[in-house]
Structure formats: structure tokens, C-alpha cells
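S.K.: For reference, the file coords_38.cif (mmCIF, C-alpha atoms) is included below:
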```
data_query
#
loop_
_atom_site.label_atom_id
_atom_site.label_comp_id
_atom_site.auth_asym_id
_atom_site.auth_seq_id
_atom_site.Cartn_x
_atom_site.Cartn_y
_atom_site.Cartn_z
CA MET A 1 19.75 27.93 107.13
CA LEU A 2 17.72 28.95 104.11
CA GLY A 3 15.50 25.88 103.97
CA LEU A 4 12.39 27.34 105.56
CA SER A 5 10.35 30.40 104.65
CA LEU A 6 9.42 32.86 107.37
CA LYS A 7 5.83 31.60 107.27
CA GLN A 8 6.96 28.01 107.91
CA GLU A 9 9.35 29.17 110.61
CA LEU A 10 6.58 31.11 112.37
CA GLU A 11 4.21 28.16 112.24
CA GLN A 12 6.82 25.82 113.70
CA ARG A 13 7.46 28.19 116.58
CA GLY A 14 3.80 28.72 117.41
CA ILE A 15 3.62 32.40 116.43
CA SER A 16 -0.06 33.18 115.86
CA ARG A 17 -1.35 34.82 112.73
CA ARG A 18 -2.71 37.64 114.85
CA ASP A 19 0.69 38.36 116.40
CA PHE A 20 2.34 38.27 112.99
CA LEU A 21 -0.18 40.74 111.52
CA GLY A 22 0.34 42.97 114.54
CA PHE A 23 4.05 43.04 113.75
CA CYS A 24 3.31 43.89 110.10
CA ALA A 25 0.95 46.68 111.16
CA SER A 26 3.62 48.20 113.40
CA MET A 27 6.11 48.11 110.52
CA ALA A 28 3.59 49.83 108.24
CA ALA A 29 3.23 52.57 110.84
CA VAL A 30 6.98 53.12 111.11
CA LEU A 31 7.27 53.24 107.32
CA GLY A 32 4.46 55.78 107.16
CA LEU A 33 2.23 53.46 105.14
CA PRO A 34 -1.57 53.18 105.49
CA ASP A 35 -3.21 50.31 107.37
CA THR A 36 -4.05 48.70 104.04
CA ALA A 37 -0.34 47.98 103.56
CA THR A 38 -0.37 45.49 106.44
CA ASN A 39 -1.58 42.57 104.33
CA ALA A 40 0.87 43.36 101.55
CA ILE A 41 3.75 43.38 104.03
CA ALA A 42 2.55 40.11 105.54
CA ALA A 43 2.25 38.41 102.14
CA ALA A 44 5.74 39.49 101.12
CA VAL A 45 7.53 38.79 104.39
CA GLU A 46 6.04 35.38 105.13
CA SER A 47 6.83 34.00 101.69
CA GLU A 48 10.46 35.12 101.66
CA GLN A 49 13.50 33.13 102.71
CA LYS A 50 15.00 34.38 105.94
CA PRO A 51 17.51 37.13 105.05
CA ILE A 52 21.09 36.40 106.11
CA LEU A 53 22.59 39.09 108.30
CA ILE A 54 26.15 39.65 109.50
CA TRP A 55 26.61 42.15 112.33
CA LEU A 56 30.11 43.59 112.70
CA GLU A 57 31.23 45.59 115.74
CA PHE A 58 34.23 47.86 115.53
CA GLN A 59 35.06 51.08 117.41
CA ASP A 60 31.83 51.33 119.40
CA CYS A 61 30.15 51.23 122.81
CA ALA A 62 27.71 48.45 121.80
CA GLY A 63 24.83 50.89 122.28
CA ASN A 64 23.19 49.86 119.02
CA THR A 65 23.41 46.21 119.99
CA GLU A 66 21.80 47.07 123.34
CA SER A 67 19.03 48.90 121.50
CA PHE A 68 18.57 45.91 119.21
CA LEU A 69 18.39 43.53 122.17
CA ARG A 70 15.58 45.62 123.64
CA ALA A 71 13.53 45.59 120.48
CA THR A 72 9.80 45.03 120.75
CA HIS A 73 7.25 44.34 118.04
CA PRO A 74 8.93 41.87 117.57
CA THR A 75 11.31 41.05 120.41
CA VAL A 76 14.93 40.29 119.66
CA ALA A 77 14.19 36.56 120.07
CA ASP A 78 11.58 36.81 117.34
CA LEU A 79 14.00 38.71 115.12
CA ILE A 80 16.85 36.23 115.52
CA LEU A 81 14.85 32.99 115.59
CA ASP A 82 11.96 33.82 113.30
CA MET A 83 12.53 36.82 111.07
CA ILE A 84 16.20 36.73 110.14
CA SER A 85 19.19 34.46 110.04
CA LEU A 86 21.77 36.33 112.09
CA ASN A 87 24.85 34.29 111.27
CA TYR A 88 27.44 36.41 113.04
CA HIS A 89 27.28 38.86 115.94
CA GLU A 90 30.17 38.80 118.40
CA THR A 91 28.14 40.01 121.38
CA ILE A 92 25.26 37.54 121.26
CA MET A 93 26.48 34.52 119.29
CA ALA A 94 27.24 31.28 121.13
CA ALA A 95 30.42 30.55 119.20
CA ALA A 96 33.73 32.20 120.10
CA GLY A 97 37.29 32.41 118.85
CA ASN A 98 38.17 30.42 115.74
CA GLN A 99 34.70 28.89 115.58
CA ALA A 100 33.08 32.33 115.40
CA GLU A 101 35.50 33.56 112.76
CA GLU A 102 34.89 30.45 110.68
CA ALA A 103 31.13 31.10 110.82
CA LEU A 104 31.78 34.58 109.42
CA ALA A 105 34.12 33.33 106.70
CA GLN A 106 31.72 30.57 105.65
CA THR A 107 28.77 32.95 105.43
CA VAL A 108 30.72 35.35 103.26
CA ARG A 109 32.08 32.53 101.10
CA ASP A 110 28.85 30.59 100.58
CA ASN A 111 26.47 33.54 100.17
CA ALA A 112 28.46 36.08 98.17
CA GLY A 113 26.24 38.92 97.00
CA LYS A 114 23.24 37.68 99.02
CA TYR A 115 23.88 38.59 102.65
CA ILE A 116 23.29 41.93 104.40
CA VAL A 117 25.95 43.46 106.63
CA LEU A 118 25.18 45.69 109.60
CA VAL A 119 28.22 47.61 110.81
CA GLU A 120 28.30 49.12 114.29
CA GLY A 121 31.07 51.51 115.26
CA SER A 122 33.56 53.62 113.36
CA ILE A 123 36.57 52.15 111.58
CA PRO A 124 39.98 53.34 112.89
CA THR A 125 42.69 53.66 110.29
CA GLY A 126 45.55 55.04 112.41
CA ALA A 127 48.62 52.94 113.19
CA ASN A 128 47.77 50.70 110.23
CA GLY A 129 44.47 49.73 111.84
CA ALA A 130 46.04 48.54 115.11
CA TYR A 131 43.46 50.38 117.26
CA CYS A 132 40.82 47.74 116.48
CA THR A 133 41.67 44.17 115.53
CA ILE A 134 39.59 40.98 115.62
CA GLY A 135 41.07 37.56 115.01
CA GLY A 136 44.34 39.11 113.91
CA LYS A 137 42.67 41.32 111.27
CA SER A 138 42.11 45.06 111.43
CA ALA A 139 38.61 46.50 111.37
CA LEU A 140 39.44 48.10 108.04
CA GLN A 141 40.46 44.78 106.50
CA ILE A 142 37.37 42.99 107.82
CA ALA A 143 35.08 45.76 106.59
CA ARG A 144 36.59 45.61 103.11
CA ASP A 145 36.37 41.82 102.91
CA VAL A 146 32.85 41.44 104.34
CA CYS A 147 31.10 44.58 103.10
CA GLY A 148 32.65 44.27 99.68
CA GLY A 149 30.74 41.04 98.97
CA ALA A 150 27.41 42.05 100.52
CA ALA A 151 24.10 42.73 98.82
CA ALA A 152 23.80 45.78 101.07
CA THR A 153 25.65 47.39 103.96
CA ILE A 154 23.75 49.11 106.76
CA ALA A 155 25.81 51.47 108.93
CA VAL A 156 24.00 51.25 112.27
CA GLY A 157 24.47 54.19 114.59
CA THR A 158 26.24 57.52 114.12
CA CYS A 159 29.73 56.09 114.64
CA ALA A 160 29.36 53.77 111.66
CA ALA A 161 27.36 56.28 109.60
CA PHE A 162 29.48 59.39 110.17
CA GLY A 163 32.40 58.50 112.45
CA GLY A 164 30.58 59.63 115.60
CA ILE A 165 32.37 60.38 118.85
CA PRO A 166 35.59 58.45 117.93
CA ALA A 167 36.01 60.70 114.88
CA ALA A 168 35.50 63.92 116.85
CA GLY A 169 38.48 66.23 117.01
CA PRO A 170 41.32 65.55 117.40
CA ASN A 171 40.42 62.00 116.23
CA PRO A 172 43.58 60.29 117.54
CA THR A 173 42.74 56.88 116.04
CA GLY A 174 41.95 58.15 112.56
CA ALA A 175 38.35 56.91 112.88
CA LEU A 176 36.23 56.96 109.73
CA SER A 177 32.68 56.19 108.77
CA VAL A 178 31.95 53.08 106.74
CA ALA A 179 31.44 55.19 103.63
CA ASP A 180 34.83 56.88 104.01
CA ALA A 181 36.71 53.76 105.04
CA VAL A 182 35.30 51.54 102.30
CA PRO A 183 34.22 53.82 99.43
CA GLY A 184 32.08 52.58 96.56
CA LEU A 185 30.03 50.02 98.50
CA LYS A 186 26.91 48.64 96.88
CA ASN A 187 23.66 49.76 98.55
CA LEU A 188 25.14 51.56 101.54
CA ILE A 189 22.45 52.79 103.94
CA ASN A 190 23.12 54.90 107.02
CA MET A 191 20.94 54.46 110.11
CA SER A 192 22.41 57.18 112.30
CA ALA A 193 21.64 58.07 115.95
CA CYS A 194 23.21 57.11 119.28
CA PRO A 195 21.85 54.51 119.28
CA ALA A 196 19.77 53.73 116.20
CA ASN A 197 16.19 52.78 116.98
CA ALA A 198 15.57 49.04 116.58
CA GLU A 199 12.12 49.76 115.13
CA ASN A 200 13.75 51.63 112.25
CA ILE A 201 16.28 48.87 111.61
CA THR A 202 13.52 46.27 111.48
CA ALA A 203 11.35 48.48 109.27
CA LEU A 204 14.25 48.91 106.84
CA ILE A 205 14.61 45.14 106.42
CA VAL A 206 10.84 44.69 106.12
CA TYR A 207 10.74 47.38 103.44
CA TYR A 208 13.35 45.48 101.45
CA LEU A 209 11.55 42.15 101.82
CA THR A 210 8.23 43.69 100.81
CA LEU A 211 9.23 45.86 97.86
CA LYS A 212 12.42 44.04 96.75
CA ARG A 213 14.33 47.31 96.83
CA TRP A 214 15.79 49.69 99.36
CA PRO A 215 13.88 52.83 100.36
CA PRO A 216 14.54 56.35 99.07
CA LEU A 217 17.44 58.02 100.88
CA ASP A 218 18.35 61.56 101.87
CA ARG A 219 21.64 63.25 100.99
CA TYR A 220 23.35 61.41 103.84
CA ARG A 221 22.08 58.04 102.58
CA ARG A 222 19.51 57.74 105.37
CA PRO A 223 16.02 56.31 104.71
CA LEU A 224 13.48 59.07 104.25
CA PHE A 225 10.83 57.16 106.21
CA ALA A 226 12.94 57.64 109.35
CA TYR A 227 14.93 60.78 108.54
CA GLY A 228 12.69 62.69 106.13
CA LYS A 229 11.57 65.23 108.74
CA THR A 230 13.32 67.05 111.53
CA ILE A 231 12.71 66.44 115.22
CA HIS A 232 11.27 69.96 115.22
CA ASP A 233 8.65 69.07 112.59
CA ASN A 234 6.97 66.44 114.75
CA CYS A 235 7.93 67.63 118.23
CA GLU A 236 5.16 67.60 120.82
CA ARG A 237 6.46 70.97 122.06
CA ARG A 238 6.33 72.61 118.63
CA ALA A 239 3.22 74.60 119.50
CA HIS A 240 5.11 76.24 122.36
CA PHE A 241 7.95 77.14 120.00
CA ASP A 242 5.47 78.75 117.60
CA ALA A 243 3.86 80.64 120.50
CA GLY A 244 7.19 81.92 121.79
CA GLN A 245 6.98 79.92 125.01
CA TYR A 246 10.45 78.71 126.06
CA VAL A 247 12.09 77.09 129.05
CA GLU A 248 14.55 79.65 130.45
CA SER A 249 16.13 77.53 133.20
CA TRP A 250 15.95 73.93 134.38
CA GLY A 251 12.98 73.31 136.62
CA ASP A 252 11.24 76.64 136.01
CA GLU A 253 7.49 76.84 135.53
CA ALA A 254 7.84 76.67 131.72
CA HIS A 255 9.91 73.49 132.07
CA ARG A 256 7.27 71.95 134.31
CA GLN A 257 4.58 72.94 131.82
CA GLY A 258 6.38 71.26 128.92
CA HIS A 259 7.36 74.36 126.97
CA CYS A 260 9.96 74.47 124.17
CA LEU A 261 13.54 73.52 125.05
CA TYR A 262 15.27 75.40 122.23
CA LYS A 263 16.85 77.98 124.54
CA MET A 264 18.19 75.14 126.70
CA GLY A 265 20.20 73.79 123.79
CA CYS A 266 17.71 71.64 121.90
CA LYS A 267 19.06 70.77 118.44
CA GLY A 268 15.72 69.45 117.18
CA PRO A 269 15.41 72.09 114.43
CA ALA A 270 18.70 70.87 112.91
CA THR A 271 18.26 67.12 113.46
CA SER A 272 16.42 64.73 111.16
CA GLN A 273 14.88 61.62 112.71
CA ASN A 274 11.49 60.16 113.68
CA CYS A 275 12.09 60.02 117.46
CA PRO A 276 8.87 61.93 118.23
CA VAL A 277 6.84 59.38 116.25
CA VAL A 278 8.49 56.02 117.05
CA LYS A 279 9.83 56.97 120.50
CA TRP A 280 11.67 54.46 122.72
CA ASN A 281 10.98 51.65 125.19
CA GLU A 282 7.90 50.28 123.44
CA GLY A 283 6.83 53.77 122.42
CA THR A 284 6.73 54.91 126.05
CA ASN A 285 8.70 58.14 125.75
CA TRP A 286 11.65 59.94 124.19
CA PRO A 287 14.26 62.50 125.42
CA ILE A 288 12.26 65.68 124.77
CA GLY A 289 9.17 64.05 126.23
CA CYS A 290 11.22 63.54 129.40
CA GLY A 291 12.23 67.19 129.48
CA HIS A 292 15.71 66.80 127.96
CA PRO A 293 16.74 68.66 124.79
CA CYS A 294 17.73 66.82 121.62
CA ILE A 295 21.53 66.79 121.25
CA GLY A 296 21.47 66.15 117.49
CA CYS A 297 23.07 62.70 117.72
CA ALA A 298 21.74 61.58 114.32
CA GLU A 299 23.66 64.27 112.44
CA PRO A 300 27.18 64.20 110.98
CA ASN A 301 29.91 65.58 113.27
CA PHE A 302 27.35 66.18 116.02
CA TRP A 303 29.95 66.06 118.80
CA ASP A 304 31.90 68.92 117.22
CA THR A 305 29.05 70.98 115.76
CA MET A 306 26.26 70.55 118.33
CA THR A 307 28.26 71.17 121.51
CA PRO A 308 27.93 72.64 124.07
CA PHE A 309 24.78 70.55 124.36
CA TYR A 310 23.03 72.72 126.95
CA GLN A 311 23.58 76.05 125.24
CA ARG A 312 21.60 77.52 122.42
CA LEU A 313 23.54 77.66 119.17
CA PRO A 314 22.33 80.65 117.11
CA ASP A 315 23.91 79.34 113.93
CA VAL A 316 22.82 75.71 113.95
CA VAL A 317 23.44 74.37 110.46
CA GLY A 318 20.24 73.79 108.52
CA PHE A 319 17.87 75.94 110.59
CA ASN A 320 18.88 79.53 111.26
CA VAL A 321 16.38 80.24 114.02
CA GLY A 322 18.86 81.66 116.50
CA LYS A 323 19.05 85.13 114.99
CA TRP A 324 15.34 85.77 115.30
CA ILE A 325 14.21 83.53 118.14
CA ASP A 326 14.10 86.29 120.78
CA PRO A 327 12.39 89.02 118.73
CA VAL A 328 9.98 86.52 117.22
CA GLY A 329 9.26 85.02 120.62
CA LEU A 330 8.53 88.45 122.08
CA SER A 331 6.49 89.44 119.05
CA LEU A 332 4.47 86.23 119.18
CA THR A 333 3.86 86.72 122.88
CA GLY A 334 2.70 90.26 122.17
CA LEU A 335 0.51 89.11 119.30
CA VAL A 336 -1.06 86.41 121.42
CA ALA A 337 -1.76 88.95 124.16
CA ALA A 338 -3.13 91.41 121.63
CA ALA A 339 -5.31 88.72 120.11
CA VAL A 340 -6.71 87.85 123.53
CA VAL A 341 -7.46 91.51 124.25
CA ALA A 342 -8.97 92.00 120.80
CA HIS A 343 -11.10 88.90 121.25
CA GLY A 344 -12.32 90.21 124.59
CA VAL A 345 -13.08 93.66 123.17
CA GLY A 346 -14.88 92.07 120.23
CA GLN A 347 -16.99 89.95 122.53
CA ALA A 348 -17.86 92.99 124.66
CA VAL A 349 -18.84 95.05 121.59
CA ARG A 350 -21.02 92.25 120.21
CA HIS A 351 -22.64 91.81 123.61
CA HIS A 352 -23.27 95.56 123.81
CA HIS A 353 -24.86 95.62 120.33
CA ALA A 354 -26.96 92.61 121.19
CA GLU A 355 -28.41 94.49 124.16
CA LYS A 356 -29.04 97.61 122.07
CA SER A 357 -30.52 95.73 119.09
CA PRO A 358 -32.39 92.71 120.36
CA SER A 359 -34.24 90.27 118.14
CA ASP A 360 -37.57 91.21 116.67
CA GLY A 361 -39.49 89.33 119.33
CA GLY A 362 -37.65 90.99 122.20
CA GLY A 363 -37.79 94.41 120.52
CA SER A 364 -41.54 94.24 120.07
CA GLU A 365 -41.96 93.37 123.70
CA GLU A 366 -39.80 96.31 124.76
CA LYS A 367 -41.77 98.76 122.63
CA LYS A 368 -44.96 97.49 124.10
#
```
Kindly transcribe the structure held in the file into C-alpha cells.
M.R.:
Amino acid sequence: MLGLSLKQELEQRGISRRDFLGFCASMAAVLGLPDTATNAIAAAVESEQKPILIWLEFQDCAGNTESFLRATHPTVADLILDMISLNYHETIMAAAGNQAEEALAQTVRDNAGKYIVLVEGSIPTGANGAYCTIGGKSALQIARDVCGGAAATIAVGTCAAFGGIPAAGPNPTGALSVADAVPGLKNLINMSACPANAENITALIVYYLTLKRWPPLDRYRRPLFAYGKTIHDNCERRAHFDAGQYVESWGDEAHRQGHCLYKMGCKGPATSQNCPVVKWNEGTNWPIGCGHPCIGCAEPNFWDTMTPFYQRLPDVVGFNVGKWIDPVGLSLTGLVAAAVVAHGVGQAVRHHHAEKSPSDGGGSEEKK
């Protein structure tokens, strides 16, 4: 499986140089790199051996897999056939039963310390792991065996990164994040969100292939290129927030005009992710762009701390806007109105002075 480089694989499959450079340019954009980085990414990626990936699914809804399957730039077919060697993924692999489990065991055995593991779903520890078993092994046992020998482990989605919905109170299955279930893993990276954006997952792997290291991480072990700013920082409705223009009820005039959704429960100020930049469905749109508030799904314990989703939380952790949102909104509205009035008065005064004190040419004519 490691005989061909990506460049050779692309040539064999008829992928044009132009299409390949387009893919590299899109990855540079996601990583926040200048256009000049495109050639560097191309040179690094096409000369590398295809990275070996193992995708494990535990206590999950398969939402991250569905997101992955809908990837564009490149498509999932390109990813699987051309860019990576995905040796194990229960949902999309052809093998089943003992044959599938043998493929996993062989990959782990023959490529110790070289493969990358992507884990989807939380890991239940209650009832000695009986809530999630595959091939007679508990999710906890599989995670320890497979992730323990990996070059890196990527927790894909909020369930794997932070426990997600399964770990919400009262957490009957004892669900844990990958970090809590298997502490001390080498190169653990969290790609939270429900689901994680396939563009970010691809960009993470491209970053590693290009720079031979993993990207800088935030305090939750999330890549800064995708989680370095809040939704609020890049939100297309930010100007309305700053101007004190808020949606007060669903379908009102402010909602139709695209005003800020903070009062309708938007958790964008307390949520870090690049949704406004990368968006979804080939960059077509994203939740806030569709008129729906952010629910904070990329954050730890979001189900417990961000609910109720459609109510404003004055004490959102990380961004204490709730205590001053109303007075500031009213003040900003007043200031805007005052500025408009002042501008109008200023214009009238200048116009009046212009009539009283015309230019030299006009003044001379008047005197004559």
C-alpha cells in the first residue's frame, strides 16, 4: 500500500496538475496561508508516501463520517483513492466481520508508530465497556490498543474530543473523550464540532505532510488554524452586533434583514471555530448564514452549558456580553442616531456658511 507516492498515484488516475494545484490552493486558504504557499504544499504532498489512516467509530451518530463522505476539494473518492490509504473504516470499507478486524490488526501490527488514527464518537466505560463492543472487544480496549501505537490520534467531532452528547448529564454509559479514556496519547489532536468540517480534517493532514509536524494547538488541543478565533470574530452579522441591531423574535424584520442572532440564543461569542470562513456544502452557507444561531457545538460540555439553545445566556463562559448587551445596544442605537443627526446638522451648517461666504469668484460677482 505504500509503494506509490501521491504524485505517481495521481498520474495513474488521470488527475490533472491543474486540479491538484486547485486542491493545494484550497488547503492553503483553510490553513490561513498566502497563495504563495500553494506550490510548497504541492511539492511536499506529491512527493510523500500516502499516509495510512485508521478510522474508528464508537459511541456516535456517524455524523462525522457523513461529513467526510460529502467532502469536496477533493471529493471523498479522491481522498480515499489518491490522497490517503484508509485501511480501516467500518462504515465504508468493503470487508466485514473477521476480515475487517484482521485488516485493522495487520495495519496496527505492520505499521506501528507510523499510522494515524481518527476516532469518531465517545468511549463508554460503564458496565466494563459493554455499551459499545466491536468484534468482542470494548471500545475502550480497542482505543487503547490502536491509539497507543499510532503516530498521532485525531479525535474527530465533539463526542470524541470532549464526550459530546453521550457524556452529557447524567451520562448513563460513563462516556468519556479520547483524552480522558486513553490518557497520555502521543500527538492527540481534537477536531471538535457536530460534525467536524471535512475541509479542516483534510487541511490538518496536509499541514502534517507539508511541514512534517502538527500545527499549533489551543488549550483544548484544537488546531489554531481552525479554532484560533471565535465564530463571533468572523461572523457576517458582527456589524449588526456592534451597532446594537438584534433579532428579537423569529421572522421579524430584523431577522429578515440578517441582524445579529445573539438575543435568540447564538453562542458564537463563546465558540471557537472557522465556520464563517470555511462554511459547508462546498462553501455554500453555514447555520448563521441561514438565519439559525450557533449552538456552540465545538465547545466542551456544550449540551450542558449552552442549553437552552434558543435562549440568551447572560453568563456564557468566555465572553461576558450578556450583562451589558441591552444597555450597550441601546447606547449604540442612540449614538448612531445622534451621529446621523450631528452629520445632518454639520452638513446644513457647512451649506449655510458656503452660501454666506462664497468663493472669491462668486463673491466678486455678487459685489458687482
S.K.: Spell out the residues picked by the PyMOL selection byres ((chain A and resi 118) around 7) here, as a PyMOL selection string.
M.R.: chain A and resi 54-56+116-117+119-120+153-156
S.K.: I'd like to see the residues matched by the PyMOL selection byres ((chain A and resi 80-94) around 8) on this file, and ideally I'd get them as a list in words.
M.R.: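 Evaluating the PyMOL selection byres ((chain A and resi 80-94) around 8) on these coordinates yields Met1, Leu6, Glu9, Leu10, Arg13, Lys50, Pro51, Ile52, Leu53, Ile54, Trp55, Leu56, Glu57, Thr65, Val76, Ala77, Asp78, Leu79, Ala95, Ala96, Ala100, Ala103, Leu104 and Thr107 of chain A.
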S.K.: Store the residues picked out above in a file with C-alpha atoms, as a tab-separated table (two decimals), in the coordinates of the input.
M.R.:
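The resulting result_16.tsv:
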```
chain	number	residue	atom	x	y	z
A	1	MET	CA	19.75	27.93	107.13
A	6	LEU	CA	9.42	32.86	107.37
A	9	GLU	CA	9.35	29.17	110.61
A	10	LEU	CA	6.58	31.11	112.37
A	13	ARG	CA	7.46	28.19	116.58
A	50	LYS	CA	15.00	34.38	105.94
A	51	PRO	CA	17.51	37.13	105.05
A	52	ILE	CA	21.09	36.40	106.11
A	53	LEU	CA	22.59	39.09	108.30
A	54	ILE	CA	26.15	39.65	109.50
A	55	TRP	CA	26.61	42.15	112.33
A	56	LEU	CA	30.11	43.59	112.70
A	57	GLU	CA	31.23	45.59	115.74
A	65	THR	CA	23.41	46.21	119.99
A	76	VAL	CA	14.93	40.29	119.66
A	77	ALA	CA	14.19	36.56	120.07
A	78	ASP	CA	11.58	36.81	117.34
A	79	LEU	CA	14.00	38.71	115.12
A	95	ALA	CA	30.42	30.55	119.20
A	96	ALA	CA	33.73	32.20	120.10
A	100	ALA	CA	33.08	32.33	115.40
A	103	ALA	CA	31.13	31.10	110.82
A	104	LEU	CA	31.78	34.58	109.42
A	107	THR	CA	28.77	32.95	105.43
```
S.K.: Using the chain letters and residue numbers of this document, give as an MDAnalysis selection string the residues selected by the PyMOL selection byres ((chain A and resi 299-312) around 6).
M.R.: chainID A and resid 162 263:265 295:298 313
S.K.: Give the padded box for region 260-279 of chain A as lines of an AutoDock Vina configuration file: axis-aligned, covering all atoms listed in the file, 8 Å on each side, centre and edge lengths in Å to one decimal.
M.R.:
```
center_x = 13.5
center_y = 67.0
center_z = 118.9
size_x = 29.4
size_y = 38.0
size_z = 31.5
```
S.K.: Please list as a list in words every residue within 10 Å of region 129-140 of chain A, counting only C-alpha atoms and excluding residues in the same chain fewer than 6 positions away.
M.R.: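 Once the adjacent positions are removed, what remains is Leu56, Glu57, Phe58, Gln59, Gly97, Asn98, Ala100, Glu101, Gly121, Ser122, Ile123, Pro172, Thr173, Gly174, Ala175, Leu176, Val178, Ala181 and Val182 of chain A.
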S.K.: Which of these, A:Asp60, A:Ser177, A:Asp233, A:Ala203, has the shortest distance to Phe23 (chain A) once you count only C-alpha atoms?
M.R.: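 Of A:Asp60, A:Ser177, A:Asp233, A:Ala203, the one nearest Phe23 (chain A), counting only C-alpha atoms, is A:Ala203.
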S.K.: For region 277-279 of chain A, work out the shell of residues within 9 Å, counting only C-alpha atoms and skipping chain neighbours fewer than 4 positions away, then give it as a list in words.
M.R.: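 Near neighbours after the sequence-gap exclusion: Ala29, Val30, Asn197, Glu199, Asn200, Asn234, Cys235, Gly283, Thr284, Asn285, Trp286 and Pro287 of chain A.
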S.K.: Can you complete the atoms of region 102-114 of chain A to N, CA, C and O atoms and list them as a CSV table (one decimal), in the frame of the given file?
M.R.:
```csv
chain,number,residue,atom,x,y,z
A,102,GLU,N,35.2,31.4,111.8
A,102,GLU,CA,34.9,30.4,110.7
A,102,GLU,C,33.4,30.6,110.2
A,102,GLU,O,33.1,30.5,109.0
A,103,ALA,N,32.5,30.9,111.2
A,103,ALA,CA,31.1,31.1,110.8
A,103,ALA,C,31.0,32.3,109.9
A,103,ALA,O,30.2,32.3,109.0
A,104,LEU,N,31.8,33.4,110.2
A,104,LEU,CA,31.8,34.6,109.4
A,104,LEU,C,32.3,34.3,108.0
A,104,LEU,O,31.7,34.6,107.0
A,105,ALA,N,33.5,33.6,108.0
A,105,ALA,CA,34.1,33.3,106.7
A,105,ALA,C,33.2,32.5,105.8
A,105,ALA,O,33.1,32.7,104.6
A,106,GLN,N,32.6,31.5,106.4
A,106,GLN,CA,31.7,30.6,105.6
A,106,GLN,C,30.5,31.3,105.1
A,106,GLN,O,30.1,31.1,103.9
A,107,THR,N,29.9,32.2,105.9
A,107,THR,CA,28.8,33.0,105.4
A,107,THR,C,29.1,33.8,104.2
A,107,THR,O,28.4,33.9,103.2
A,108,VAL,N,30.3,34.5,104.3
A,108,VAL,CA,30.7,35.4,103.3
A,108,VAL,C,31.0,34.5,102.0
A,108,VAL,O,30.7,34.9,100.9
A,109,ARG,N,31.7,33.4,102.2
A,109,ARG,CA,32.1,32.5,101.1
A,109,ARG,C,30.9,31.9,100.4
A,109,ARG,O,30.8,31.8,99.2
A,110,ASP,N,29.9,31.4,101.2
A,110,ASP,CA,28.8,30.6,100.6
A,110,ASP,C,27.7,31.5,100.1
A,110,ASP,O,26.8,30.9,99.4
A,111,ASN,N,27.6,32.7,100.5
A,111,ASN,CA,26.5,33.5,100.2
A,111,ASN,C,26.9,34.9,99.6
A,111,ASN,O,26.3,35.9,99.8
A,112,ALA,N,27.9,34.8,98.8
A,112,ALA,CA,28.5,36.1,98.2
A,112,ALA,C,27.4,36.8,97.4
A,112,ALA,O,26.6,36.2,96.6
A,113,GLY,N,27.2,38.1,97.7
A,113,GLY,CA,26.2,38.9,97.0
A,113,GLY,C,24.8,38.8,97.5
A,113,GLY,O,23.9,39.4,97.0
A,114,LYS,N,24.6,37.9,98.5
A,114,LYS,CA,23.2,37.7,99.0
A,114,LYS,C,23.0,38.2,100.5
A,114,LYS,O,21.9,38.4,100.8
```
